[in-house]
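J.: Contents of entry36.pdb (PDB, C-alpha atoms) are given next:
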ATOM      1  CA  MET Z   1      -2.976   7.824 -23.194  1.00  0.00           C
ATOM      2  CA  HIS Z   2      -1.059   5.664 -25.692  1.00  0.00           C
ATOM      3  CA  ARG Z   3      -2.947   2.352 -26.024  1.00  0.00           C
ATOM      4  CA  GLY Z   4       0.202   0.308 -25.351  1.00  0.00           C
ATOM      5  CA  LEU Z   5       0.800   2.193 -22.113  1.00  0.00           C
ATOM      6  CA  TYR Z   6      -2.887   1.830 -21.199  1.00  0.00           C
ATOM      7  CA  ASN Z   7      -2.779  -1.957 -21.596  1.00  0.00           C
ATOM      8  CA  MET Z   8       0.599  -2.271 -19.878  1.00  0.00           C
ATOM      9  CA  ARG Z   9      -0.696  -0.192 -16.970  1.00  0.00           C
ATOM     10  CA  LYS Z  10      -3.395  -2.827 -16.488  1.00  0.00           C
ATOM     11  CA  ILE Z  11      -0.745  -5.560 -16.367  1.00  0.00           C
ATOM     12  CA  ILE Z  12       1.318  -3.595 -13.852  1.00  0.00           C
ATOM     13  CA  LEU Z  13      -1.881  -2.939 -11.863  1.00  0.00           C
ATOM     14  CA  ALA Z  14      -2.703  -6.637 -11.736  1.00  0.00           C
ATOM     15  CA  ALA Z  15       0.793  -7.540 -10.548  1.00  0.00           C
ATOM     16  CA  ALA Z  16       0.823  -4.750  -7.974  1.00  0.00           C
ATOM     17  CA  ALA Z  17      -2.645  -5.547  -6.663  1.00  0.00           C
ATOM     18  CA  VAL Z  18      -1.564  -9.135  -6.073  1.00  0.00           C
ATOM     19  CA  MET Z  19       1.582  -7.940  -4.281  1.00  0.00           C
ATOM     20  CA  ALA Z  20      -0.222  -5.354  -2.168  1.00  0.00           C
ATOM     21  CA  VAL Z  21      -1.977  -5.998   0.879  1.00  0.00           C
ATOM     22  CA  ALA Z  22      -0.982  -4.082  -1.398  1.00  0.00           C
ATOM     23  CA  ALA Z  23       2.624  -0.702  11.812  1.00  0.00           C
ATOM     24  CA  ALA Z  24       2.066  -1.563  22.227  1.00  0.00           C
ATOM     25  CA  PRO Z  25      -1.139  -2.148  23.268  1.00  0.00           C
ATOM     26  CA  ALA Z  26      -4.183  -0.678  21.572  1.00  0.00           C
ATOM     27  CA  VAL Z  27      -4.548   2.053  24.151  1.00  0.00           C
ATOM     28  CA  ALA Z  28      -6.423   4.513  21.965  1.00  0.00           C
ATOM     29  CA  SER Z  29      -9.957   5.121  23.205  1.00  0.00           C
ATOM     30  CA  ALA Z  30     -11.264   6.671  19.982  1.00  0.00           C
ATOM     31  CA  GLN Z  31     -10.821   6.289  16.251  1.00  0.00           C
ATOM     32  CA  THR Z  32      -7.508   7.463  14.833  1.00  0.00           C
ATOM     33  CA  GLY Z  33      -6.307   7.821  11.247  1.00  0.00           C
ATOM     34  CA  TYR Z  34      -5.778  10.300   8.438  1.00  0.00           C
ATOM     35  CA  LEU Z  35      -7.247  11.853   5.284  1.00  0.00           C
ATOM     36  CA  GLY Z  36      -4.996  12.814   2.397  1.00  0.00           C
ATOM     37  CA  GLY Z  37      -4.470  13.866  -1.181  1.00  0.00           C
ATOM     38  CA  VAL Z  38      -2.161  11.817  -3.412  1.00  0.00           C
ATOM     39  CA  TYR Z  39      -0.261  12.222  -6.674  1.00  0.00           C
ATOM     40  CA  ASN Z  40       1.297   9.256  -8.523  1.00  0.00           C
ATOM     41  CA  ASN Z  41       3.339   8.903 -11.691  1.00  0.00           C
ATOM     42  CA  VAL Z  42       3.752   5.477 -13.321  1.00  0.00           C
ATOM     43  CA  ASP Z  43       6.514   5.288 -15.958  1.00  0.00           C
ATOM     44  CA  VAL Z  44       6.615   2.021 -17.936  1.00  0.00           C
ATOM     45  CA  ASP Z  45       9.928   1.512 -19.742  1.00  0.00           C
ATOM     46  CA  GLY Z  46       9.525   2.080 -23.477  1.00  0.00           C
ATOM     47  CA  LEU Z  47       5.830   2.992 -23.267  1.00  0.00           C
ATOM     48  CA  GLY Z  48       5.787   6.395 -21.566  1.00  0.00           C
ATOM     49  CA  ASP Z  49       4.178   7.500 -18.326  1.00  0.00           C
ATOM     50  CA  ALA Z  50       0.846   8.488 -16.816  1.00  0.00           C
ATOM     51  CA  ASP Z  51      -0.118  10.794 -13.950  1.00  0.00           C
ATOM     52  CA  ALA Z  52      -2.827  10.175 -11.377  1.00  0.00           C
ATOM     53  CA  TRP Z  53      -4.407  12.275  -8.607  1.00  0.00           C
ATOM     54  CA  GLY Z  54      -6.755  11.271  -5.857  1.00  0.00           C
ATOM     55  CA  VAL Z  55      -7.760  11.090  -2.215  1.00  0.00           C
ATOM     56  CA  GLU Z  56      -7.141   8.462   0.457  1.00  0.00           C
ATOM     57  CA  GLY Z  57      -8.086   7.730   4.031  1.00  0.00           C
ATOM     58  CA  SER Z  58      -7.415   5.249   6.812  1.00  0.00           C
ATOM     59  CA  VAL Z  59      -9.148   4.743  10.168  1.00  0.00           C
ATOM     60  CA  PHE Z  60      -8.305   2.473  13.111  1.00  0.00           C
ATOM     61  CA  PHE Z  61     -11.107   1.275  15.405  1.00  0.00           C
ATOM     62  CA  PRO Z  62      -9.962  -0.189  18.730  1.00  0.00           C
ATOM     63  CA  THR Z  63     -12.121  -3.008  20.100  1.00  0.00           C
ATOM     64  CA  SER Z  64     -12.136  -4.943  23.337  1.00  0.00           C
ATOM     65  CA  GLY Z  65      -8.812  -6.308  24.564  1.00  0.00           C
ATOM     66  CA  SER Z  66      -5.938  -6.172  22.087  1.00  0.00           C
ATOM     67  CA  LEU Z  67      -8.019  -6.604  18.912  1.00  0.00           C
ATOM     68  CA  GLY Z  68      -8.259  -3.791  16.402  1.00  0.00           C
ATOM     69  CA  VAL Z  69      -9.886  -3.092  13.034  1.00  0.00           C
ATOM     70  CA  GLU Z  70      -8.446  -0.858  10.326  1.00  0.00           C
ATOM     71  CA  VAL Z  71     -10.182   0.310   7.141  1.00  0.00           C
ATOM     72  CA  ASP Z  72      -8.280   1.906   4.231  1.00  0.00           C
ATOM     73  CA  ALA Z  73      -9.792   3.482   1.100  1.00  0.00           C
ATOM     74  CA  SER Z  74      -8.695   5.507  -1.912  1.00  0.00           C
ATOM     75  CA  VAL Z  75     -10.081   7.007  -5.121  1.00  0.00           C
ATOM     76  CA  VAL Z  76      -7.580   7.870  -7.865  1.00  0.00           C
ATOM     77  CA  ASP Z  77      -8.199   9.347 -11.332  1.00  0.00           C
ATOM     78  CA  VAL Z  78      -5.669   8.373 -14.020  1.00  0.00           C
ATOM     79  CA  GLU Z  79      -4.677  10.786 -16.767  1.00  0.00           C
ATOM     80  CA  ASP Z  80      -6.638   9.915 -19.947  1.00  0.00           C
ATOM     81  CA  GLY Z  81      -7.697   6.701 -18.241  1.00  0.00           C
ATOM     82  CA  ASP Z  82      -9.981   5.221 -15.621  1.00  0.00           C
ATOM     83  CA  THR Z  83     -10.877   6.168 -12.079  1.00  0.00           C
ATOM     84  CA  GLY Z  84      -9.674   3.517  -9.658  1.00  0.00           C
ATOM     85  CA  TYR Z  85     -11.223   2.635  -6.299  1.00  0.00           C
ATOM     86  CA  SER Z  86      -9.717   0.539  -3.526  1.00  0.00           C
ATOM     87  CA  LEU Z  87     -10.952  -0.636  -0.128  1.00  0.00           C
ATOM     88  CA  ALA Z  88      -9.079  -2.766   2.408  1.00  0.00           C
ATOM     89  CA  GLY Z  89      -9.964  -4.121   5.834  1.00  0.00           C
ATOM     90  CA  HIS Z  90      -7.568  -5.419   8.507  1.00  0.00           C
ATOM     91  CA  LEU Z  91      -8.289  -7.379  11.687  1.00  0.00           C
ATOM     92  CA  PHE Z  92      -5.355  -7.900  14.051  1.00  0.00           C
ATOM     93  CA  THR Z  93      -4.133  -8.248  17.582  1.00  0.00           C
ATOM     94  CA  ARG Z  94      -1.422  -5.847  18.741  1.00  0.00           C
ATOM     95  CA  ASN Z  95       0.696  -5.294  21.837  1.00  0.00           C
ATOM     96  CA  ASP Z  96       3.960  -3.504  22.595  1.00  0.00           C
ATOM     97  CA  ARG Z  97       6.008  -6.289  20.949  1.00  0.00           C
ATOM     98  CA  TYR Z  98       4.158  -7.269  17.766  1.00  0.00           C
ATOM     99  CA  LEU Z  99       1.084  -7.105  15.540  1.00  0.00           C
ATOM    100  CA  PHE Z 100      -0.447 -10.150  13.851  1.00  0.00           C
ATOM    101  CA  GLY Z 101      -3.592 -10.426  11.748  1.00  0.00           C
ATOM    102  CA  GLY Z 102      -5.152 -10.707   8.331  1.00  0.00           C
ATOM    103  CA  PHE Z 103      -6.527  -8.466   5.605  1.00  0.00           C
ATOM    104  CA  VAL Z 104      -8.777  -8.438   2.555  1.00  0.00           C
ATOM    105  CA  ALA Z 105      -8.618  -5.808  -0.202  1.00  0.00           C
ATOM    106  CA  VAL Z 106     -10.706  -4.970  -3.264  1.00  0.00           C
ATOM    107  CA  SER Z 107      -9.753  -2.631  -6.114  1.00  0.00           C
ATOM    108  CA  ASP Z 108     -11.906  -1.706  -9.105  1.00  0.00           C
ATOM    109  CA  SER Z 109     -11.101   0.133 -12.325  1.00  0.00           C
ATOM    110  CA  ASP Z 110     -13.098   0.217 -15.581  1.00  0.00           C
ATOM    111  CA  SER Z 111     -15.296  -2.715 -14.494  1.00  0.00           C
ATOM    112  CA  SER Z 112     -12.184  -4.758 -13.677  1.00  0.00           C
ATOM    113  CA  THR Z 113     -12.088  -5.952 -10.080  1.00  0.00           C
ATOM    114  CA  THR Z 114      -9.143  -7.391  -8.165  1.00  0.00           C
ATOM    115  CA  VAL Z 115      -9.583  -9.142  -4.805  1.00  0.00           C
ATOM    116  CA  ALA Z 116      -6.617  -9.918  -2.533  1.00  0.00           C
ATOM    117  CA  GLY Z 117      -6.139 -11.236   0.973  1.00  0.00           C
ATOM    118  CA  GLY Z 118      -3.512 -12.615   3.292  1.00  0.00           C
ATOM    119  CA  LEU Z 119      -1.719 -12.522   6.618  1.00  0.00           C
ATOM    120  CA  GLU Z 120       0.382  -9.664   7.989  1.00  0.00           C
ATOM    121  CA  ALA Z 121       2.667  -9.107  10.952  1.00  0.00           C
ATOM    122  CA  ASN Z 122       4.823  -6.385  12.524  1.00  0.00           C
ATOM    123  CA  LYS Z 123       7.685  -6.752  14.978  1.00  0.00           C
ATOM    124  CA  TYR Z 124       8.335  -3.670  17.124  1.00  0.00           C
ATOM    125  CA  TYR Z 125      11.741  -2.463  18.265  1.00  0.00           C
ATOM    126  CA  ASP Z 126      12.736   0.720  20.065  1.00  0.00           C
ATOM    127  CA  ARG Z 127      12.834   3.102  17.079  1.00  0.00           C
ATOM    128  CA  TRP Z 128      12.005   0.888  14.128  1.00  0.00           C
ATOM    129  CA  THR Z 129       9.426  -1.632  12.942  1.00  0.00           C
ATOM    130  CA  LEU Z 130       9.902  -4.767  10.841  1.00  0.00           C
ATOM    131  CA  ASN Z 131       6.849  -5.836   8.820  1.00  0.00           C
ATOM    132  CA  GLY Z 132       5.875  -8.642   6.479  1.00  0.00           C
ATOM    133  CA  SER Z 133       2.920 -10.214   4.698  1.00  0.00           C
ATOM    134  CA  VAL Z 134       1.948 -13.197   2.565  1.00  0.00           C
ATOM    135  CA  PHE Z 135      -0.928 -12.851   0.126  1.00  0.00           C
ATOM    136  CA  TYR Z 136      -3.021 -14.197  -2.720  1.00  0.00           C
ATOM    137  CA  GLY Z 137      -5.031 -12.174  -5.235  1.00  0.00           C
ATOM    138  CA  GLU Z 138      -7.082 -12.629  -8.371  1.00  0.00           C
ATOM    139  CA  ASN Z 139      -8.745 -10.628 -11.116  1.00  0.00           C
ATOM    140  CA  ASP Z 140     -11.375 -12.741 -12.905  1.00  0.00           C
ATOM    141  CA  ASP Z 141     -12.086 -10.001 -15.459  1.00  0.00           C
ATOM    142  CA  ASN Z 142      -8.518 -10.189 -16.793  1.00  0.00           C
ATOM    143  CA  ASN Z 143      -7.974 -13.873 -15.893  1.00  0.00           C
ATOM    144  CA  VAL Z 144      -5.080 -12.983 -13.572  1.00  0.00           C
ATOM    145  CA  ASP Z 145      -4.174 -14.458 -10.199  1.00  0.00           C
ATOM    146  CA  GLY Z 146      -1.043 -14.708  -8.106  1.00  0.00           C
ATOM    147  CA  TYR Z 147       0.592 -15.062  -4.719  1.00  0.00           C
ATOM    148  CA  GLY Z 148       3.661 -13.669  -3.019  1.00  0.00           C
ATOM    149  CA  VAL Z 149       5.441 -12.200  -0.024  1.00  0.00           C
ATOM    150  CA  ASN Z 150       6.339  -8.683   1.068  1.00  0.00           C
ATOM    151  CA  VAL Z 151       8.831  -7.470   3.710  1.00  0.00           C
ATOM    152  CA  GLY Z 152       9.737  -3.987   4.863  1.00  0.00           C
ATOM    153  CA  ALA Z 153      11.124  -1.839   7.641  1.00  0.00           C
ATOM    154  CA  SER Z 154      10.332   1.608   9.057  1.00  0.00           C
ATOM    155  CA  LEU Z 155      12.899   3.690  10.935  1.00  0.00           C
ATOM    156  CA  PHE Z 156      11.853   6.641  13.112  1.00  0.00           C
ATOM    157  CA  ALA Z 157      14.476   9.373  13.226  1.00  0.00           C
ATOM    158  CA  SER Z 158      12.017  11.216  15.490  1.00  0.00           C
ATOM    159  CA  ASP Z 159       8.382  10.720  16.495  1.00  0.00           C
ATOM    160  CA  ASN Z 160       7.336  12.677  13.391  1.00  0.00           C
ATOM    161  CA  LEU Z 161       9.942  11.579  10.815  1.00  0.00           C
ATOM    162  CA  ARG Z 162       9.791   8.065   9.343  1.00  0.00           C
ATOM    163  CA  PHE Z 163      11.876   6.369   6.636  1.00  0.00           C
ATOM    164  CA  ASP Z 164      10.672   3.187   4.879  1.00  0.00           C
ATOM    165  CA  VAL Z 165      12.232   0.439   2.748  1.00  0.00           C
ATOM    166  CA  ASN Z 166      10.342  -2.391   1.062  1.00  0.00           C
ATOM    167  CA  LEU Z 167      10.934  -5.573  -0.952  1.00  0.00           C
ATOM    168  CA  GLY Z 168       8.247  -7.784  -2.489  1.00  0.00           C
ATOM    169  CA  TRP Z 169       7.962 -10.790  -4.811  1.00  0.00           C
ATOM    170  CA  ALA Z 170       4.982 -12.427  -6.479  1.00  0.00           C
ATOM    171  CA  ASN Z 171       4.219 -15.096  -9.039  1.00  0.00           C
ATOM    172  CA  VAL Z 172       1.540 -13.804 -11.426  1.00  0.00           C
ATOM    173  CA  ASP Z 173      -0.466 -16.134 -13.680  1.00  0.00           C
ATOM    174  CA  ALA Z 174      -2.188 -14.281 -16.545  1.00  0.00           C
ATOM    175  CA  GLY Z 175      -3.832 -17.081 -18.508  1.00  0.00           C
ATOM    176  CA  ALA Z 176      -1.245 -18.428 -20.955  1.00  0.00           C
ATOM    177  CA  ALA Z 177       1.466 -16.263 -19.394  1.00  0.00           C
ATOM    178  CA  ASP Z 178       3.178 -16.917 -16.071  1.00  0.00           C
ATOM    179  CA  ASP Z 179       5.586 -14.328 -14.688  1.00  0.00           C
ATOM    180  CA  ASP Z 180       7.538 -13.363 -11.587  1.00  0.00           C
ATOM    181  CA  ALA Z 181       7.253  -9.802 -10.316  1.00  0.00           C
ATOM    182  CA  LEU Z 182       9.868  -8.144  -8.115  1.00  0.00           C
ATOM    183  CA  ALA Z 183       9.220  -4.810  -6.405  1.00  0.00           C
ATOM    184  CA  TYR Z 184      11.407  -2.690  -4.167  1.00  0.00           C
ATOM    185  CA  GLY Z 185      11.109   0.847  -2.925  1.00  0.00           C
ATOM    186  CA  ILE Z 186      11.854   3.568  -0.426  1.00  0.00           C
ATOM    187  CA  GLY Z 187       9.756   6.293   1.194  1.00  0.00           C
ATOM    188  CA  ALA Z 188       9.594   8.918   3.894  1.00  0.00           C
ATOM    189  CA  GLU Z 189       6.942  10.897   5.775  1.00  0.00           C
ATOM    190  CA  TYR Z 190       7.269  13.993   7.964  1.00  0.00           C
ATOM    191  CA  GLN Z 191       4.563  15.499  10.183  1.00  0.00           C
ATOM    192  CA  LEU Z 192       4.715  19.111  11.343  1.00  0.00           C
ATOM    193  CA  ASP Z 193       5.013  19.641  15.084  1.00  0.00           C
ATOM    194  CA  THR Z 194       2.616  22.605  15.176  1.00  0.00           C
ATOM    195  CA  VAL Z 195      -0.308  21.161  13.160  1.00  0.00           C
ATOM    196  CA  PRO Z 196      -1.208  17.514  12.402  1.00  0.00           C
ATOM    197  CA  VAL Z 197      -0.319  17.747   8.701  1.00  0.00           C
ATOM    198  CA  SER Z 198       2.251  15.422   7.141  1.00  0.00           C
ATOM    199  CA  PHE Z 199       4.067  15.249   3.801  1.00  0.00           C
ATOM    200  CA  GLY Z 200       5.271  12.013   2.244  1.00  0.00           C
ATOM    201  CA  ALA Z 201       7.124  10.798  -0.844  1.00  0.00           C
ATOM    202  CA  SER Z 202       7.854   7.312  -2.174  1.00  0.00           C
ATOM    203  CA  TYR Z 203       9.575   5.547  -5.039  1.00  0.00           C
ATOM    204  CA  ALA Z 204       9.035   1.939  -6.160  1.00  0.00           C
ATOM    205  CA  ARG Z 205      10.529  -0.137  -8.965  1.00  0.00           C
ATOM    206  CA  ILE Z 206       8.487  -3.038 -10.382  1.00  0.00           C
ATOM    207  CA  GLU Z 207      10.172  -5.625 -12.633  1.00  0.00           C
ATOM    208  CA  LEU Z 208       8.395  -8.438 -14.495  1.00  0.00           C
ATOM    209  CA  ASP Z 209      10.947 -11.146 -15.235  1.00  0.00           C
ATOM    210  CA  ASP Z 210       9.725 -13.069 -18.288  1.00  0.00           C
ATOM    211  CA  SER Z 211       7.807 -10.158 -19.813  1.00  0.00           C
ATOM    212  CA  ASN Z 212      10.892  -7.940 -19.647  1.00  0.00           C
ATOM    213  CA  VAL Z 213       8.680  -5.080 -18.448  1.00  0.00           C
ATOM    214  CA  ASP Z 214       9.841  -2.590 -15.814  1.00  0.00           C
ATOM    215  CA  ALA Z 215       8.003   0.343 -14.257  1.00  0.00           C
ATOM    216  CA  ASP Z 216       8.932   3.206 -11.929  1.00  0.00           C
ATOM    217  CA  VAL Z 217       6.281   4.543  -9.565  1.00  0.00           C
ATOM    218  CA  VAL Z 218       6.709   7.896  -7.807  1.00  0.00           C
ATOM    219  CA  GLY Z 219       4.186   9.025  -5.201  1.00  0.00           C
ATOM    220  CA  VAL Z 220       3.587  12.202  -3.189  1.00  0.00           C
ATOM    221  CA  VAL Z 221       1.025  12.564  -0.406  1.00  0.00           C
ATOM    222  CA  VAL Z 222      -0.261  15.301   1.931  1.00  0.00           C
ATOM    223  CA  ARG Z 223      -2.273  14.119   4.954  1.00  0.00           C
ATOM    224  CA  TYR Z 224      -4.310  15.527   7.798  1.00  0.00           C
ATOM    225  CA  ASN Z 225      -3.749  13.210  10.765  1.00  0.00           C
ATOM    226  CA  PHE Z 226      -5.916  12.663  13.824  1.00  0.00           C
ATOM    227  CA  GLY Z 227      -4.477  10.629  16.666  1.00  0.00           C
ATOM    228  CA  GLY Z 228      -0.978  11.807  17.560  1.00  0.00           C
ATOM    229  CA  THR Z 229       2.477  11.522  16.009  1.00  0.00           C
ATOM    230  CA  LEU Z 230       3.641   9.250  13.205  1.00  0.00           C
ATOM    231  CA  PHE Z 231       5.197   7.009  15.845  1.00  0.00           C
ATOM    232  CA  ASP Z 232       1.836   6.856  17.662  1.00  0.00           C
ATOM    233  CA  ARG Z 233       0.168   5.836  14.391  1.00  0.00           C
ATOM    234  CA  ASP Z 234       2.719   3.062  13.897  1.00  0.00           C
ATOM    235  CA  ARG Z 235       2.268   1.542  17.343  1.00  0.00           C
ATOM    236  CA  ASN Z 236      -1.353   2.390  18.236  1.00  0.00           C
ATOM    237  CA  GLY Z 237      -3.211   3.615  15.159  1.00  0.00           C
ATOM    238  CA  ALA Z 238      -3.901   3.150  11.437  1.00  0.00           C
ATOM    239  CA  SER Z 239      -0.555   1.689  10.424  1.00  0.00           C
ATOM    240  CA  GLN Z 240      -1.149  -1.019   7.828  1.00  0.00           C
ATOM    241  CA  ALA Z 241      -2.063   0.857   4.627  1.00  0.00           C
ATOM    242  CA  ASN Z 242       1.567   1.798   3.979  1.00  0.00           C
ATOM    243  CA  ARG Z 243       3.202  -1.517   4.866  1.00  0.00           C
ATOM    244  CA  ASN Z 244       4.325  -2.007   1.245  1.00  0.00           C
ATOM    245  CA  GLY Z 245       6.053  -0.028  -1.470  1.00  0.00           C
ATOM    246  CA  LEU Z 246       3.273  -0.559  -3.976  1.00  0.00           C
ATOM    247  CA  GLY Z 247       0.473   1.546  -2.571  1.00  0.00           C
ATOM    248  CA  ALA Z 248       0.714   4.060  -5.392  1.00  0.00           C
ATOM    249  CA  VAL Z 249       0.192   1.411  -8.046  1.00  0.00           C
ATOM    250  CA  PHE Z 250      -2.393  -0.521  -6.031  1.00  0.00           C
ATOM    251  CA  SER Z 251      -4.629   2.551  -5.875  1.00  0.00           C
ATOM    252  CA  LEU Z 252      -4.544   2.860  -9.660  1.00  0.00           C
TER     253      LEU Z 252
END
What does this structure look like when you write it as C-alpha cells?

T.:
Amino acid sequence: MHRGLYNMRKIILAAAAVMAVAAAPAVASAQTGYLGGVYNNVDVDGLGDADAWGVEGSVFFPTSGSLGVEVDASVVDVEDGDTGYSLAGHLFTRNDRYLFGGFVAVSDSDSSTTVAGGLEANKYYDRWTLNGSVFYGENDDNNVDGYGVNVGASLFASDNLRFDVNLGWANVDAGAADDDALAYGIGAEYQLDTVPVSFGASYARIELDDSNVDADVVGVVVRYNFGGTLFDRDRNGASQANRNGLGAVFSL
C-alpha cells in the first residue's frame, strides 16, 4: 500500500473510531444474533484506495426484566496492511417504545489501540426506528482523542428489508492538530424468507474539515442470522452494531 495512503488510513481510522459506537420488550428467551463475512473498500481522495476482508458477529443476551447485553466483534485484514480487531459491549433497557443504554468499544491494529464509549438510544415507531448516540474516544498510541454525536434512522419496507441513513459529527484532537469530522451514509439489508441468510451494502462519506481530507467507504456483508427477521433483530435482538454509518471503517 502507498505509504501516504497507509498513514492517512490511520487518521481516518482514528476519526471513525471516535465517531463509532462506532435497534418492545426483550421477549427473547435465548441468545440471538448473527455471524457474517464482510468486504470494505476505503478510498481516500488523492491517495488511492485499499480493500479489506473479514468476519463479524453480534450476540444479544436477554437478562432479567427489560435489561439486555449485546456483544459485537470483528476481525478485518487490510490489503497490504494490518489486521484490525474490534470488540464492543452494550448494556441497555428496552421496551416497545424505546431503548436506552451505554456502550464501550475497543479496536486494535498494528499495536495501536482505540477505546471509545458513550450513551445510545433508539425510539421505535410502527415501521421505522430513530437512533442516536453521544461518545468519547481516545487512542494514546497516536495521541488522538475526540468526542461527537451520531444520529440515524432505519425504515422497514418489510420485516426482512431495511433501509438506513446516518449522519455523524466529531471533534478530533490529534496532538498539534484539531479537526472536525463529518460523516454521512446510507445502507440496506435484505434477508431471504426461506433461509436465515441476509445480504447488506453500505456507503459512507467521511470529511475532515481543516485537513481537507475526504474518504469514501463502501461495505458489503453476508450474514447468517439466528433469532427471526430483521425487524425482530431491531426490536428484540442484536441491533446496536449497525447504528452508525461508520462500521466499515471502525472495523479497520

J.: Give me the residues near Asp108 in chain Z as a VMD selection string, where near means some atom within 6 Å (using all atoms listed in the file) and where sequence neighbours in that chain fewer than 5 positions away do not count.

T.: chain Z and resid 84 to 85 113

J.: I need the residues from that last selection saved to file as a CSV table (one decimal), in the coordinates of the input (with C-alpha atoms), if you can.

T.:
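Contents of out-v5.csv, as written:
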chain,number,residue,atom,x,y,z
Z,84,GLY,CA,-9.7,3.5,-9.7
Z,85,TYR,CA,-11.2,2.6,-6.3
Z,113,THR,CA,-12.1,-6.0,-10.1

J.: To one decimal in Å, tell me the separation between CA of Asn142 in chain Z and CA of Asp49 in chain Z.

T.: 21.8 Å

J.: For the file shown, what are the residues hit by the PyMOL selection byres ((chain Z and resi 129) around 10), laid out as a count of residues only?

T.: 20

J.: Name the residues that the PyMOL selection byres ((chain Z and resi 167) around 10) pulls out of this structure, and write them as a count of residues only.

T.: 20

J.: For CA of Asp110 in chain Z and CA of Asp209 in chain Z, quote the distance in Å rounded to one decimal.

T.: 26.6 Å

J.: May I have the residues within 12 Å of Thr229 in chain Z as a list of chain:residue names, using all atoms listed in the file and disregarding those fewer than 6 positions away in the same chain?

T.: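 Contacts, in chain order: Z:Thr32, Z:Gly33, Z:Tyr34, Z:Phe156, Z:Ser158, Z:Asp159, Z:Asn160, Z:Leu161, Z:Arg162, Z:Glu189, Z:Tyr190, Z:Gln191, Z:Leu192, Z:Asp193, Z:Thr194, Z:Val195, Z:Pro196, Z:Val197, Z:Ser198, Z:Arg235, Z:Asn236, Z:Gly237, Z:Ala238, Z:Ser239.
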
J.: Using all atoms listed in the file, which of the listed residues (Z:Val172, Z:Ala181, Z:Ala52, Z:Val59) sits closest to Leu35 in chain Z?

T.: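 Looking only at the distances to Leu35 in chain Z, the closest residue turns out to be Z:Val59.
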
J.: Written as a list in words, what is the full residue list that the PyMOL selection byres ((chain Z and resi 51) around 8) yields on the file shown?

T.: Tyr39, Asn40, Asn41, Val42, Asp49, Ala50, Ala52, Trp53, Val78 and Glu79 of chain Z

J.: Let me see the file: selected residues, C-alpha atoms, as a PDB file, in the coordinates of the input.

T.:
ATOM      1  CA  TYR Z  39      -0.261  12.222  -6.674  1.00  0.00           C
ATOM      2  CA  ASN Z  40       1.297   9.256  -8.523  1.00  0.00           C
ATOM      3  CA  ASN Z  41       3.339   8.903 -11.691  1.00  0.00           C
ATOM      4  CA  VAL Z  42       3.752   5.477 -13.321  1.00  0.00           C
ATOM      5  CA  ASP Z  49       4.178   7.500 -18.326  1.00  0.00           C
ATOM      6  CA  ALA Z  50       0.846   8.488 -16.816  1.00  0.00           C
ATOM      7  CA  ALA Z  52      -2.827  10.175 -11.377  1.00  0.00           C
ATOM      8  CA  TRP Z  53      -4.407  12.275  -8.607  1.00  0.00           C
ATOM      9  CA  VAL Z  78      -5.669   8.373 -14.020  1.00  0.00           C
ATOM     10  CA  GLU Z  79      -4.677  10.786 -16.767  1.00  0.00           C
TER      11      GLU Z  79
END

J.: May I have the residues at most 10 Å from (4.0, 11.3, 1.5) in the file's coordinates, counting all atoms listed in the file, as an MDAnalysis selection string?

T.: chainID Z and resid 36:39 187:191 198:202 219:223

J.: Using all atoms listed in the file, which protein or nucleic acid residues come within 6 Å of Val69 in chain Z? Drop anything in the same chain fewer than 6 positions from it, and give the result as a PyMOL selection string.

T.: chain Z and resi 60-61+90-91

J.: Please measure the separation of CA of Gly68 in chain Z and CA of Asn95 in chain Z, giving the value in Å to one decimal.

T.: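 Answer for the CA of Gly68 in chain Z to CA of Asn95 in chain Z separation: 10.6 Å.
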
J.: Set the distance at 8 Å and use all atoms listed in the file: which residues neighbour Asp210 in chain Z once local chain neighbours fewer than 4 positions away are removed? I'd like the list as a ChimeraX atom specification.

T.: /Z:178-180

J.: Can you work out which one of Z:Ala116, Z:Ala121, Z:Ala157, Z:Val75 has the shortest atom-to-atom distance to Val144 in chain Z, counting all atoms listed in the file?

T.: Z:Ala116
